[in-house]
Amino acid sequence: MIELHNISKTYAKSGTKAVDSLTLQIPDGVIYGFLGPNGAGKTTTIRIMTGAIAADSGNVLIDGIDLDKNPIEAKQRFGLVPDTPDLFSKLRAYEYLNFVADVYRVPSADRAAAIERLAARFELSDVLKSPISSMSRGMRMKLNLIASLVHSPHNWILDEPIVGLDPHAAFALKELMHEHAAAGGTVFFSTHVMEVAERICDELAIINKGKLIFTGNLEALKDLRESRGAKPGEETGDESLEALFLALVEDSEVLKL
Amino acid sequence: MSQRFSSPFMALLTLNIKSVFAIHLPEKKDLASPRVLLRTFGWIVLAIFLVADFGFLFAMMDIGLYNALAPLGMQSFMLLYATVMSSVLVFLFTFITSLSFFSSAQYEGLFLTMPIKPSSLLLGRMATIYAIEAPIVLLVMGIAAAVYGIKAHPGFDFYLHMLFNALAMPLVPLAVSYAVLVPLLCTSRWLRRKNTILYIGGFIGLALALGFNFYLQTMMARINDPVLLQKMLSQGQLNFADIADWWPPAWLTMQAIARSSTFGAIAATLANIALGTAFTTAVAFLFSREYVRILAGFGETHAVKGRLSRSQACSLFKARPVFLSLVQRELRLMNREPVYLLNGPFVILLLPVIFALTFIAQGDEIRNALVQLRPSLEGPAEYLIPAGLGIFLATATSIACTAFSRDAKSLQFLKSLPLKPRDIIAAKLVHALVFAPLGIALGTVGGAALIGADALNTVVALLLAISGALAFNMAGLAIDTFWPRLSWENPMSALKNNPNTLITILGSMGFLVGLGILAVTLPSANYTFAIVYGTVFVAACVVLGLVLFRVGPKKLRRMEP
């Protein structure tokens with residue numbers, strides 16, 4: 001379980017308030033989508049919840065462990081897929097995986113088995129000796145997915161994970177996300193595409209300009225859609241979830257004005 | 001209302017020049033900030049210092065040559081020397097710059113999707129390189145013209161010929177460089193890789209710097225001995241003079257200068273400009289299609305196929321202590337980036353090589369100087385000089401003072417891992433210290449051997465060098481922990497163009513020179529300074545250790561690119 005309590009963050013250089021009093025509770029056993037347009041504050045939120053940047057106020061609990069007070073223990077509890085797959089391009093794939101496994105203190109036998117299993121799943125077994133710089137964007141993304149799971153974390157945090165993946169890998173990823181949630185783990189992923197969230201998520205949160213504008217499950221979102229005039233079961237048209245997502249974003253901007 | 005558009009070529013040229021020079025002058029309102037004002041002032045001083053430094057070097061050589069040759073009535077030989085020097089320098093610089101620009105071919109490939117003619121693309125690149133090289137020739141030729149002008153009072157047309165021939169001088173080298181490089185890169189996929197280009201360019205650049213240094217030292221030695229210079233001149237032993245006979249731009253320049261005020265001089269200058277322009281244009285049109293092919297296929301890579309066997313997997317995926325893994329990561333990321341390797345650890349080998357070349361070129365002068373200096377080296381200087389050399393070499397790699405700047409792109413991910421900030425900082429310090437022993441060994445032991453220090457002084461120097469190198473590397477790391485340069489697009493900005501590198505190298509040099517001066521000027525017992533400086537270094541290590549490992553982790557948590 002991941003809990004965010006009243007998180008706020010303003011970037012000192014630009015003075016932009018990227019996240020504004022955000023409170024979220026991401027329960028175990030669900031796939032939780034984090035939606036928002038570009039620049040809404042999704043990546044900043046993920047960076048705060050993974051300890052990459054510090055929040056100005058509020059706190060983050062990973063499985064009840066305070067990230068600020070016990071960062072090492074808290075960070076051991078999650079695996080992160082960052083939004084930029086271009087990390088450590090001078091390393092070879094196996095060197096990168098080995099580094100991550102060392103950092104998470106994965107025993108030799110366990111890491112070899114985990115890497116073998118995950119590499120087979122994402123069809124990367126043949127290129128583990130390759131320099132990361134020689135890999136395509138999609139392959140690098142798959143490598144980051146493997147690295148994030150090498151220590152079998154309870155919480156899986158993914159920042160825009162579908163971008164750059166081929167249909168086969170995207171399918172494998174969705175399957176893995178479902179398996180992870182079914183096994184009682186937490187899956188938290190960000191996207192700016194409603195269609196992706198609609199197909200994968202059990203619950204979702206929508207953020208715009210740093211503020212939370214919706215939380216709940218897909219049923220609640222559909223109820224909201226129907227309360228706005230759409231017929232039950234209607235999947236397309238102006239009041240599709242995509243249109244509702246855009247309307248919510250627009251409404252939040254109007255309210256701000 | 002009519003709208004004016006630049007031609008695609010002009011638009012491309014403007015973009016290229018802006019990207020290369022990338023000088024962002026602050027606006028008037030920004031100068032109100034003391035920080036911006038200080039930074040701008042610092043950059044201006046540095047630019048003036050660099051130009052003045054090279055200008056002074058060339059001026060001294062020109063004046064020396066003129067004074068040595070004037071008694072023989074051969075002072076115009078100085079102009080021949082300046083012309084040949086400009087020709088050789090511009091040829092080498094142009095070749096290396098043309099080669100280096102291929103390293104950004106992957107980005108240039110974007111222009112292939114735009115309606116730009118291949119010839120415009122190549123001509124645009126050549127024009128950009130011309131804009132870089134022309135000021136170098138103008139500096140060398142301009143100084144020679146000024147020295148000759150002050151001493152010999154030639155007519156105004158002399159300056160015009162010097163100016164126009166200087167402007168024409170980079171054109172033929174530019175054409176030759178692309179006429180060689182384009183076919184070469186077309187033939188090999190290995191050459192069409194960024195790293196290959198950076199390594200080859202880097203090594204040629206180093207060889208060029210070494211060669212230039214060797215040549216300067218040799219020339220300075222000859223200028224200091226006018227009798228030898230005159231003898232060599234009369235016997236035709238100065239082989240650089242031959243270059244002017246077979247390199248057309250140099251030959252035409254000399255014809256123009258020698259025949260000033262005549263039609264022949266104007267013809268030679270015009271011929272030089274025409275030759276350069278024609279040759280450059282011809283290459284741009286003849287090789288443009290191949291150039292585009294290089295851009296289109298640059299950086300093509302393929303993943304290394306091959307499944308890991310079970311035994312391989314078992315041996316590769318072995319658990320290691322986290323700290324060791326962190327240090328190994330630092331080493332790999334630095335040593336596999338050509339820009340970092342050549343300007344980092346490689347410097348430890350480069351500086352002694354430069355010194356060795358100087359010694360070969362000016363061996364007698366250095367030996368004589370050492371003999372004369374020997375009496376003043378008695379005492380603290382006998383261990384302080386080798387210690388200073390060791391400390392400088394152990395710090396000159398810039399590993400510590402750019403440790404976080406180089407990591408800017410992966411810093412956020414690194415911080416999301418279950419790592420103690422203290423371990424990250426310690427791994428960066430250990431990385432710098434891995435190379436320090438080599439610097440200490442070469443600098444201190446080499447320095448001690450050079451000045452003939454005895455065993456006891458060498459041991460004292462080694463102890464001082466070890467404590468000093470640790471202190472200076474910790475200081476460099478502290479600077480980069482508190483003021484890292486985290487926003488950059490080119491790795492060069494993280495190391496070579498990082499103010500922290502300059503501050504640390506110049507700071508350590510200044511500090512060491514200051515300590516040396518104190519030791520020479522203040523009367524004291526022989527080893528008092530060893531005790532004082534050793535104590536200062538150890539105390540600095542303790543203070544810096546507290547700063548790095550107590551305050552540093554807090555700073556790392558707040559570090560945001």
# chains A, B, ... in the order shown; residues from 1 in each chain; ligands from 1

$ interface_residues --of "chain B" --to "chain A" --cutoff "8 Å" --atoms "only C-alpha atoms" --output "PyMOL selection string"
chain B and resi 301-308+313-314+316-322+325-326+329+332-333+336-337+409-420+557-560

$ write_last_selection --atoms "N, CA, C and O atoms" --output "compact mmCIF listing (two decimals), in the first residue's frame"
# COMPACT_ATOMS: atom_id res chain seq x y z
N THR B 301 23.27 1.04 -35.10
CA THR B 301 23.80 0.03 -34.19
C THR B 301 22.88 -1.19 -34.20
O THR B 301 21.72 -1.08 -34.60
N HIS B 302 23.39 -2.27 -33.77
CA HIS B 302 22.53 -3.44 -33.63
C HIS B 302 22.89 -4.13 -32.32
O HIS B 302 24.06 -4.15 -31.93
N ALA B 303 21.86 -4.60 -31.66
CA ALA B 303 22.09 -5.26 -30.37
C ALA B 303 22.90 -6.53 -30.59
O ALA B 303 22.75 -7.20 -31.61
N VAL B 304 23.78 -6.83 -29.63
CA VAL B 304 24.60 -8.05 -29.72
C VAL B 304 23.71 -9.24 -29.40
O VAL B 304 23.21 -9.36 -28.27
N LYS B 305 23.49 -10.08 -30.38
CA LYS B 305 22.61 -11.24 -30.16
C LYS B 305 23.40 -12.37 -29.51
O LYS B 305 24.57 -12.55 -29.79
N GLY B 306 22.78 -13.11 -28.70
CA GLY B 306 23.44 -14.25 -28.09
C GLY B 306 22.90 -14.49 -26.70
O GLY B 306 22.99 -13.62 -25.84
N ARG B 307 22.27 -15.63 -26.53
CA ARG B 307 21.66 -15.96 -25.25
C ARG B 307 22.74 -16.32 -24.22
O ARG B 307 23.75 -16.93 -24.58
N LEU B 308 22.55 -15.92 -22.99
CA LEU B 308 23.50 -16.28 -21.94
C LEU B 308 23.30 -17.75 -21.57
O LEU B 308 22.16 -18.18 -21.38
N ALA B 313 25.28 -17.04 -17.00
CA ALA B 313 24.33 -16.28 -16.17
C ALA B 313 24.74 -16.37 -14.70
O ALA B 313 24.70 -15.37 -13.98
N CYS B 314 25.16 -17.57 -14.29
CA CYS B 314 25.55 -17.74 -12.88
C CYS B 314 26.77 -16.90 -12.55
O CYS B 314 26.87 -16.32 -11.47
N LEU B 316 27.83 -14.19 -14.26
CA LEU B 316 27.60 -12.74 -14.45
C LEU B 316 26.72 -12.16 -13.34
O LEU B 316 26.94 -11.04 -12.89
N PHE B 317 25.69 -12.92 -12.97
CA PHE B 317 24.75 -12.39 -11.98
C PHE B 317 25.13 -12.79 -10.56
O PHE B 317 24.39 -13.47 -9.87
N LYS B 318 26.32 -12.37 -10.17
CA LYS B 318 26.80 -12.69 -8.82
C LYS B 318 26.59 -11.49 -7.91
O LYS B 318 26.89 -10.36 -8.31
N ALA B 319 26.08 -11.75 -6.72
CA ALA B 319 25.84 -10.64 -5.79
C ALA B 319 27.17 -10.09 -5.28
O ALA B 319 28.10 -10.84 -5.00
N ARG B 320 27.25 -8.78 -5.22
CA ARG B 320 28.45 -8.13 -4.68
C ARG B 320 28.00 -7.11 -3.63
O ARG B 320 26.84 -6.68 -3.62
N PRO B 321 28.93 -6.66 -2.79
CA PRO B 321 28.55 -5.61 -1.83
C PRO B 321 28.08 -4.37 -2.59
O PRO B 321 28.62 -4.04 -3.65
N VAL B 322 27.06 -3.71 -2.05
CA VAL B 322 26.46 -2.55 -2.74
C VAL B 322 27.51 -1.48 -3.04
O VAL B 322 27.52 -0.90 -4.13
N SER B 325 29.59 -2.25 -6.01
CA SER B 325 28.77 -2.10 -7.21
C SER B 325 28.66 -0.62 -7.60
O SER B 325 28.71 -0.26 -8.78
N LEU B 326 28.53 0.23 -6.59
CA LEU B 326 28.43 1.67 -6.84
C LEU B 326 29.73 2.23 -7.43
O LEU B 326 29.72 3.01 -8.38
N ARG B 329 30.13 1.09 -10.98
CA ARG B 329 29.25 1.87 -11.86
C ARG B 329 29.90 3.20 -12.21
O ARG B 329 29.91 3.63 -13.36
N ARG B 332 32.74 2.54 -14.72
CA ARG B 332 32.26 2.19 -16.06
C ARG B 332 31.67 3.39 -16.78
O ARG B 332 31.94 3.61 -17.95
N LEU B 333 30.86 4.16 -16.07
CA LEU B 333 30.19 5.29 -16.73
C LEU B 333 31.21 6.35 -17.16
O LEU B 333 31.02 7.03 -18.15
N ARG B 336 33.77 4.70 -20.11
CA ARG B 336 33.18 4.35 -21.41
C ARG B 336 32.66 5.56 -22.17
O ARG B 336 32.12 5.40 -23.26
N GLU B 337 32.77 6.72 -21.60
CA GLU B 337 32.37 7.94 -22.32
C GLU B 337 33.66 8.63 -22.77
O GLU B 337 34.43 9.10 -21.94
N LYS B 409 21.80 13.06 -15.40
CA LYS B 409 20.70 12.38 -16.10
C LYS B 409 20.13 11.20 -15.30
O LYS B 409 18.98 10.82 -15.51
N SER B 410 20.96 10.58 -14.48
CA SER B 410 20.47 9.40 -13.76
C SER B 410 20.29 9.64 -12.27
O SER B 410 19.98 8.72 -11.51
N LEU B 411 20.45 10.89 -11.87
CA LEU B 411 20.42 11.22 -10.45
C LEU B 411 19.07 10.88 -9.80
O LEU B 411 19.02 10.32 -8.70
N GLN B 412 17.99 11.22 -10.49
CA GLN B 412 16.67 10.99 -9.90
C GLN B 412 16.42 9.50 -9.70
O GLN B 412 15.88 9.09 -8.67
N PHE B 413 16.81 8.72 -10.70
CA PHE B 413 16.62 7.27 -10.57
C PHE B 413 17.49 6.72 -9.43
O PHE B 413 17.04 5.91 -8.61
N LEU B 414 18.73 7.21 -9.37
CA LEU B 414 19.67 6.76 -8.34
C LEU B 414 19.10 7.05 -6.94
O LEU B 414 19.20 6.24 -6.02
N LYS B 415 18.46 8.22 -6.83
CA LYS B 415 17.90 8.61 -5.53
C LYS B 415 16.67 7.80 -5.16
O LYS B 415 16.28 7.75 -3.98
N SER B 416 16.03 7.19 -6.16
CA SER B 416 14.85 6.37 -5.85
C SER B 416 15.25 4.97 -5.40
O SER B 416 14.41 4.19 -4.95
N LEU B 417 16.55 4.64 -5.53
CA LEU B 417 17.01 3.31 -5.12
C LEU B 417 17.31 3.29 -3.62
O LEU B 417 17.63 4.33 -3.04
N PRO B 418 17.20 2.11 -3.01
CA PRO B 418 17.45 2.04 -1.56
C PRO B 418 18.95 2.17 -1.22
O PRO B 418 19.60 1.19 -0.84
N LEU B 419 19.49 3.34 -1.44
CA LEU B 419 20.91 3.59 -1.20
C LEU B 419 21.06 4.70 -0.17
O LEU B 419 20.30 5.67 -0.20
N LYS B 420 22.08 4.56 0.66
CA LYS B 420 22.35 5.64 1.61
C LYS B 420 23.06 6.76 0.85
O LYS B 420 24.07 6.48 0.17
N ARG B 557 19.73 14.92 -0.99
CA ARG B 557 18.28 14.70 -0.96
C ARG B 557 17.54 15.86 -1.63
O ARG B 557 16.50 15.67 -2.24
N ARG B 558 18.11 17.05 -1.52
CA ARG B 558 17.44 18.23 -2.10
C ARG B 558 17.88 18.50 -3.54
O ARG B 558 17.35 19.38 -4.19
N MET B 559 18.86 17.74 -4.03
CA MET B 559 19.42 18.00 -5.36
C MET B 559 18.39 17.71 -6.44
O MET B 559 17.84 16.61 -6.49
N GLU B 560 18.10 18.69 -7.27
CA GLU B 560 17.10 18.53 -8.34
C GLU B 560 17.66 19.05 -9.65
O GLU B 560 18.06 20.20 -9.72

$ residues_around --residues "Ile385 of chain B" --least-positions-apart "3" --cutoff "12 Å" --atoms "only C-alpha atoms" --output "VMD selection string"
chain B and resid 376 to 382 388 to 392 443 to 453 457 to 458 460 to 462 464 to 465 512 to 517 519 to 520 530

$ atom_distance --atom1 "atom CA of Leu295 of chain B" --atom2 "atom CA of Leu121 of chain B"
10.3 Å

$ residues_around --residues "Leu171 of chain B" --least-positions-apart "2" --cutoff "10 Å" --atoms "only C-alpha atoms" --output "NGL selection string"
:B and (90-91 or 94 or 126-127 or 129-130 or 133-134 or 166-169 or 173-177 or 249 or 272-281)

$ residues_around --residues "segment 508-511 of chain B" --least-positions-apart "6" --cutoff "12 Å" --atoms "only C-alpha atoms" --output "ChimeraX atom specification"
/B:388-396,398,401,468-469,471-476,500-502,517-518,533,537

$ write_last_selection --atoms "N, CA and C atoms" --output "mmCIF file, in the first residue's frame"
data_model
loop_
_atom_site.group_PDB
_atom_site.id
_atom_site.type_symbol
_atom_site.label_atom_id
_atom_site.label_comp_id
_atom_site.auth_asym_id
_atom_site.auth_seq_id
_atom_site.Cartn_x
_atom_site.Cartn_y
_atom_site.Cartn_z
ATOM 1 N N GLY B 388 53.819 18.919 -4.532
ATOM 2 C CA GLY B 388 52.882 19.759 -5.288
ATOM 3 C C GLY B 388 52.548 19.141 -6.632
ATOM 4 N N LEU B 389 53.563 18.611 -7.308
ATOM 5 C CA LEU B 389 53.325 17.987 -8.617
ATOM 6 C C LEU B 389 52.403 16.779 -8.474
ATOM 7 N N GLY B 390 52.650 15.975 -7.455
ATOM 8 C CA GLY B 390 51.818 14.783 -7.213
ATOM 9 C C GLY B 390 50.380 15.163 -6.914
ATOM 10 N N ILE B 391 50.207 16.173 -6.054
ATOM 11 C CA ILE B 391 48.850 16.615 -5.691
ATOM 12 C C ILE B 391 48.125 17.122 -6.937
ATOM 13 N N PHE B 392 48.844 17.909 -7.738
ATOM 14 C CA PHE B 392 48.209 18.475 -8.931
ATOM 15 C C PHE B 392 47.771 17.368 -9.886
ATOM 16 N N LEU B 393 48.658 16.400 -10.141
ATOM 17 C CA LEU B 393 48.295 15.319 -11.073
ATOM 18 C C LEU B 393 47.139 14.476 -10.528
ATOM 19 N N ALA B 394 47.129 14.268 -9.225
ATOM 20 C CA ALA B 394 46.071 13.435 -8.621
ATOM 21 C C ALA B 394 44.728 14.158 -8.614
ATOM 22 N N THR B 395 44.753 15.472 -8.780
ATOM 23 C CA THR B 395 43.506 16.249 -8.773
ATOM 24 C C THR B 395 43.051 16.594 -10.190
ATOM 25 N N ALA B 396 44.014 16.576 -11.141
ATOM 26 C CA ALA B 396 43.741 17.093 -12.488
ATOM 27 C C ALA B 396 42.756 16.248 -13.292
ATOM 28 N N SER B 398 39.741 15.698 -12.639
ATOM 29 C CA SER B 398 38.404 16.314 -12.524
ATOM 30 C C SER B 398 37.317 15.294 -12.201
ATOM 31 N N CYS B 401 35.466 16.645 -8.813
ATOM 32 C CA CYS B 401 34.783 17.952 -8.908
ATOM 33 C C CYS B 401 33.674 17.964 -9.963
ATOM 34 N N GLY B 468 47.521 15.644 0.747
ATOM 35 C CA GLY B 468 47.072 16.776 -0.066
ATOM 36 C C GLY B 468 46.103 16.339 -1.149
ATOM 37 N N ALA B 469 46.424 15.224 -1.817
ATOM 38 C CA ALA B 469 45.540 14.743 -2.894
ATOM 39 C C ALA B 469 44.172 14.393 -2.330
ATOM 40 N N ALA B 471 42.794 15.704 0.357
ATOM 41 C CA ALA B 471 42.113 16.958 0.712
ATOM 42 C C ALA B 471 41.565 17.657 -0.525
ATOM 43 N N PHE B 472 42.368 17.744 -1.582
ATOM 44 C CA PHE B 472 41.918 18.459 -2.778
ATOM 45 C C PHE B 472 40.785 17.717 -3.493
ATOM 46 N N ASN B 473 40.861 16.379 -3.508
ATOM 47 C CA ASN B 473 39.758 15.630 -4.131
ATOM 48 C C ASN B 473 38.469 15.777 -3.325
ATOM 49 N N MET B 474 38.616 15.784 -1.997
ATOM 50 C CA MET B 474 37.430 15.987 -1.152
ATOM 51 C C MET B 474 36.860 17.385 -1.364
ATOM 52 N N ALA B 475 37.753 18.363 -1.526
ATOM 53 C CA ALA B 475 37.286 19.737 -1.765
ATOM 54 C C ALA B 475 36.546 19.812 -3.096
ATOM 55 N N GLY B 476 37.111 19.158 -4.118
ATOM 56 C CA GLY B 476 36.452 19.145 -5.437
ATOM 57 C C GLY B 476 35.078 18.504 -5.350
ATOM 58 N N ASN B 500 33.117 24.092 -12.200
ATOM 59 C CA ASN B 500 33.736 23.399 -11.060
ATOM 60 C C ASN B 500 35.110 22.837 -11.414
ATOM 61 N N THR B 501 35.272 22.402 -12.681
ATOM 62 C CA THR B 501 36.568 21.888 -13.127
ATOM 63 C C THR B 501 37.599 23.008 -13.076
ATOM 64 N N LEU B 502 37.203 24.150 -13.611
ATOM 65 C CA LEU B 502 38.104 25.296 -13.671
ATOM 66 C C LEU B 502 38.475 25.764 -12.256
ATOM 67 N N ILE B 517 55.415 29.461 -2.315
ATOM 68 C CA ILE B 517 56.007 30.802 -2.104
ATOM 69 C C ILE B 517 56.244 31.044 -0.608
ATOM 70 N N LEU B 518 55.266 30.643 0.197
ATOM 71 C CA LEU B 518 55.415 30.792 1.652
ATOM 72 C C LEU B 518 56.645 30.048 2.147
ATOM 73 N N TYR B 533 52.164 21.900 6.735
ATOM 74 C CA TYR B 533 51.292 21.608 5.593
ATOM 75 C C TYR B 533 50.586 20.264 5.759
ATOM 76 N N PHE B 537 46.620 19.771 5.666
ATOM 77 C CA PHE B 537 45.929 18.833 4.772
ATOM 78 C C PHE B 537 45.048 17.854 5.569
#

$ select_by_dssp --residues "segment 180-294 of chain B" --states "helix (DSSP H, G or I)" --output "VMD selection string"
chain B and resid 180 to 187 194 to 223 226 to 234 240 to 246 248 to 258 263 to 286 288 to 294

$ atom_distance --atom1 "atom CA of Arg192 of chain B" --atom2 "atom CA of Ala179 of chain B"
16.0 Å

$ decode --residues "segment 44-64 of chain B" --atoms "N, CA and C atoms" --output "PDB file, in the first residue's frame"
ATOM      1  N   ILE B  44      34.038  36.816 -19.384  1.00  0.00           N
ATOM      2  CA  ILE B  44      34.744  37.798 -20.219  1.00  0.00           C
ATOM      3  C   ILE B  44      36.245  37.764 -19.900  1.00  0.00           C
ATOM      4  N   VAL B  45      36.559  37.722 -18.609  1.00  0.00           N
ATOM      5  CA  VAL B  45      37.976  37.678 -18.198  1.00  0.00           C
ATOM      6  C   VAL B  45      38.640  36.410 -18.748  1.00  0.00           C
ATOM      7  N   LEU B  46      37.918  35.298 -18.676  1.00  0.00           N
ATOM      8  CA  LEU B  46      38.476  34.030 -19.168  1.00  0.00           C
ATOM      9  C   LEU B  46      38.731  34.095 -20.669  1.00  0.00           C
ATOM     10  N   ALA B  47      37.763  34.648 -21.408  1.00  0.00           N
ATOM     11  CA  ALA B  47      37.912  34.759 -22.865  1.00  0.00           C
ATOM     12  C   ALA B  47      39.103  35.649 -23.206  1.00  0.00           C
ATOM     13  N   ILE B  48      39.214  36.778 -22.509  1.00  0.00           N
ATOM     14  CA  ILE B  48      40.334  37.685 -22.770  1.00  0.00           C
ATOM     15  C   ILE B  48      41.657  36.997 -22.422  1.00  0.00           C
ATOM     16  N   PHE B  49      41.636  36.269 -21.297  1.00  0.00           N
ATOM     17  CA  PHE B  49      42.846  35.574 -20.846  1.00  0.00           C
ATOM     18  C   PHE B  49      43.309  34.550 -21.893  1.00  0.00           C
ATOM     19  N   LEU B  50      42.350  33.785 -22.430  1.00  0.00           N
ATOM     20  CA  LEU B  50      42.702  32.749 -23.403  1.00  0.00           C
ATOM     21  C   LEU B  50      43.291  33.354 -24.671  1.00  0.00           C
ATOM     22  N   VAL B  51      42.609  34.387 -25.192  1.00  0.00           N
ATOM     23  CA  VAL B  51      43.090  35.032 -26.426  1.00  0.00           C
ATOM     24  C   VAL B  51      44.442  35.695 -26.151  1.00  0.00           C
ATOM     25  N   ALA B  52      44.541  36.383 -25.009  1.00  0.00           N
ATOM     26  CA  ALA B  52      45.782  37.094 -24.684  1.00  0.00           C
ATOM     27  C   ALA B  52      46.928  36.100 -24.475  1.00  0.00           C
ATOM     28  N   ASP B  53      46.608  34.955 -23.884  1.00  0.00           N
ATOM     29  CA  ASP B  53      47.619  33.936 -23.603  1.00  0.00           C
ATOM     30  C   ASP B  53      48.271  33.457 -24.908  1.00  0.00           C
ATOM     31  N   PHE B  54      47.415  33.042 -25.855  1.00  0.00           N
ATOM     32  CA  PHE B  54      47.942  32.561 -27.145  1.00  0.00           C
ATOM     33  C   PHE B  54      48.568  33.722 -27.927  1.00  0.00           C
ATOM     34  N   GLY B  55      47.916  34.885 -27.852  1.00  0.00           N
ATOM     35  CA  GLY B  55      48.436  36.054 -28.552  1.00  0.00           C
ATOM     36  C   GLY B  55      49.831  36.406 -28.072  1.00  0.00           C
ATOM     37  N   PHE B  56      50.018  36.354 -26.775  1.00  0.00           N
ATOM     38  CA  PHE B  56      51.312  36.673 -26.174  1.00  0.00           C
ATOM     39  C   PHE B  56      52.391  35.692 -26.667  1.00  0.00           C
ATOM     40  N   LEU B  57      52.003  34.412 -26.712  1.00  0.00           N
ATOM     41  CA  LEU B  57      52.925  33.367 -27.151  1.00  0.00           C
ATOM     42  C   LEU B  57      53.411  33.630 -28.576  1.00  0.00           C
ATOM     43  N   PHE B  58      52.441  33.890 -29.458  1.00  0.00           N
ATOM     44  CA  PHE B  58      52.794  34.141 -30.864  1.00  0.00           C
ATOM     45  C   PHE B  58      53.574  35.454 -30.992  1.00  0.00           C
ATOM     46  N   ALA B  59      53.181  36.465 -30.239  1.00  0.00           N
ATOM     47  CA  ALA B  59      53.868  37.752 -30.318  1.00  0.00           C
ATOM     48  C   ALA B  59      55.328  37.603 -29.896  1.00  0.00           C
ATOM     49  N   MET B  60      55.569  36.844 -28.817  1.00  0.00           N
ATOM     50  CA  MET B  60      56.938  36.642 -28.331  1.00  0.00           C
ATOM     51  C   MET B  60      57.784  35.933 -29.389  1.00  0.00           C
ATOM     52  N   MET B  61      57.176  34.941 -30.044  1.00  0.00           N
ATOM     53  CA  MET B  61      57.921  34.211 -31.077  1.00  0.00           C
ATOM     54  C   MET B  61      58.213  35.113 -32.266  1.00  0.00           C
ATOM     55  N   ASP B  62      57.225  35.888 -32.666  1.00  0.00           N
ATOM     56  CA  ASP B  62      57.417  36.783 -33.810  1.00  0.00           C
ATOM     57  C   ASP B  62      58.484  37.838 -33.509  1.00  0.00           C
ATOM     58  N   ILE B  63      58.394  38.426 -32.317  1.00  0.00           N
ATOM     59  CA  ILE B  63      59.378  39.456 -31.943  1.00  0.00           C
ATOM     60  C   ILE B  63      60.785  38.835 -31.881  1.00  0.00           C
ATOM     61  N   GLY B  64      60.869  37.638 -31.257  1.00  0.00           N
ATOM     62  CA  GLY B  64      62.151  36.949 -31.139  1.00  0.00           C
ATOM     63  C   GLY B  64      62.751  36.655 -32.506  1.00  0.00           C
TER      64      GLY B  64
END
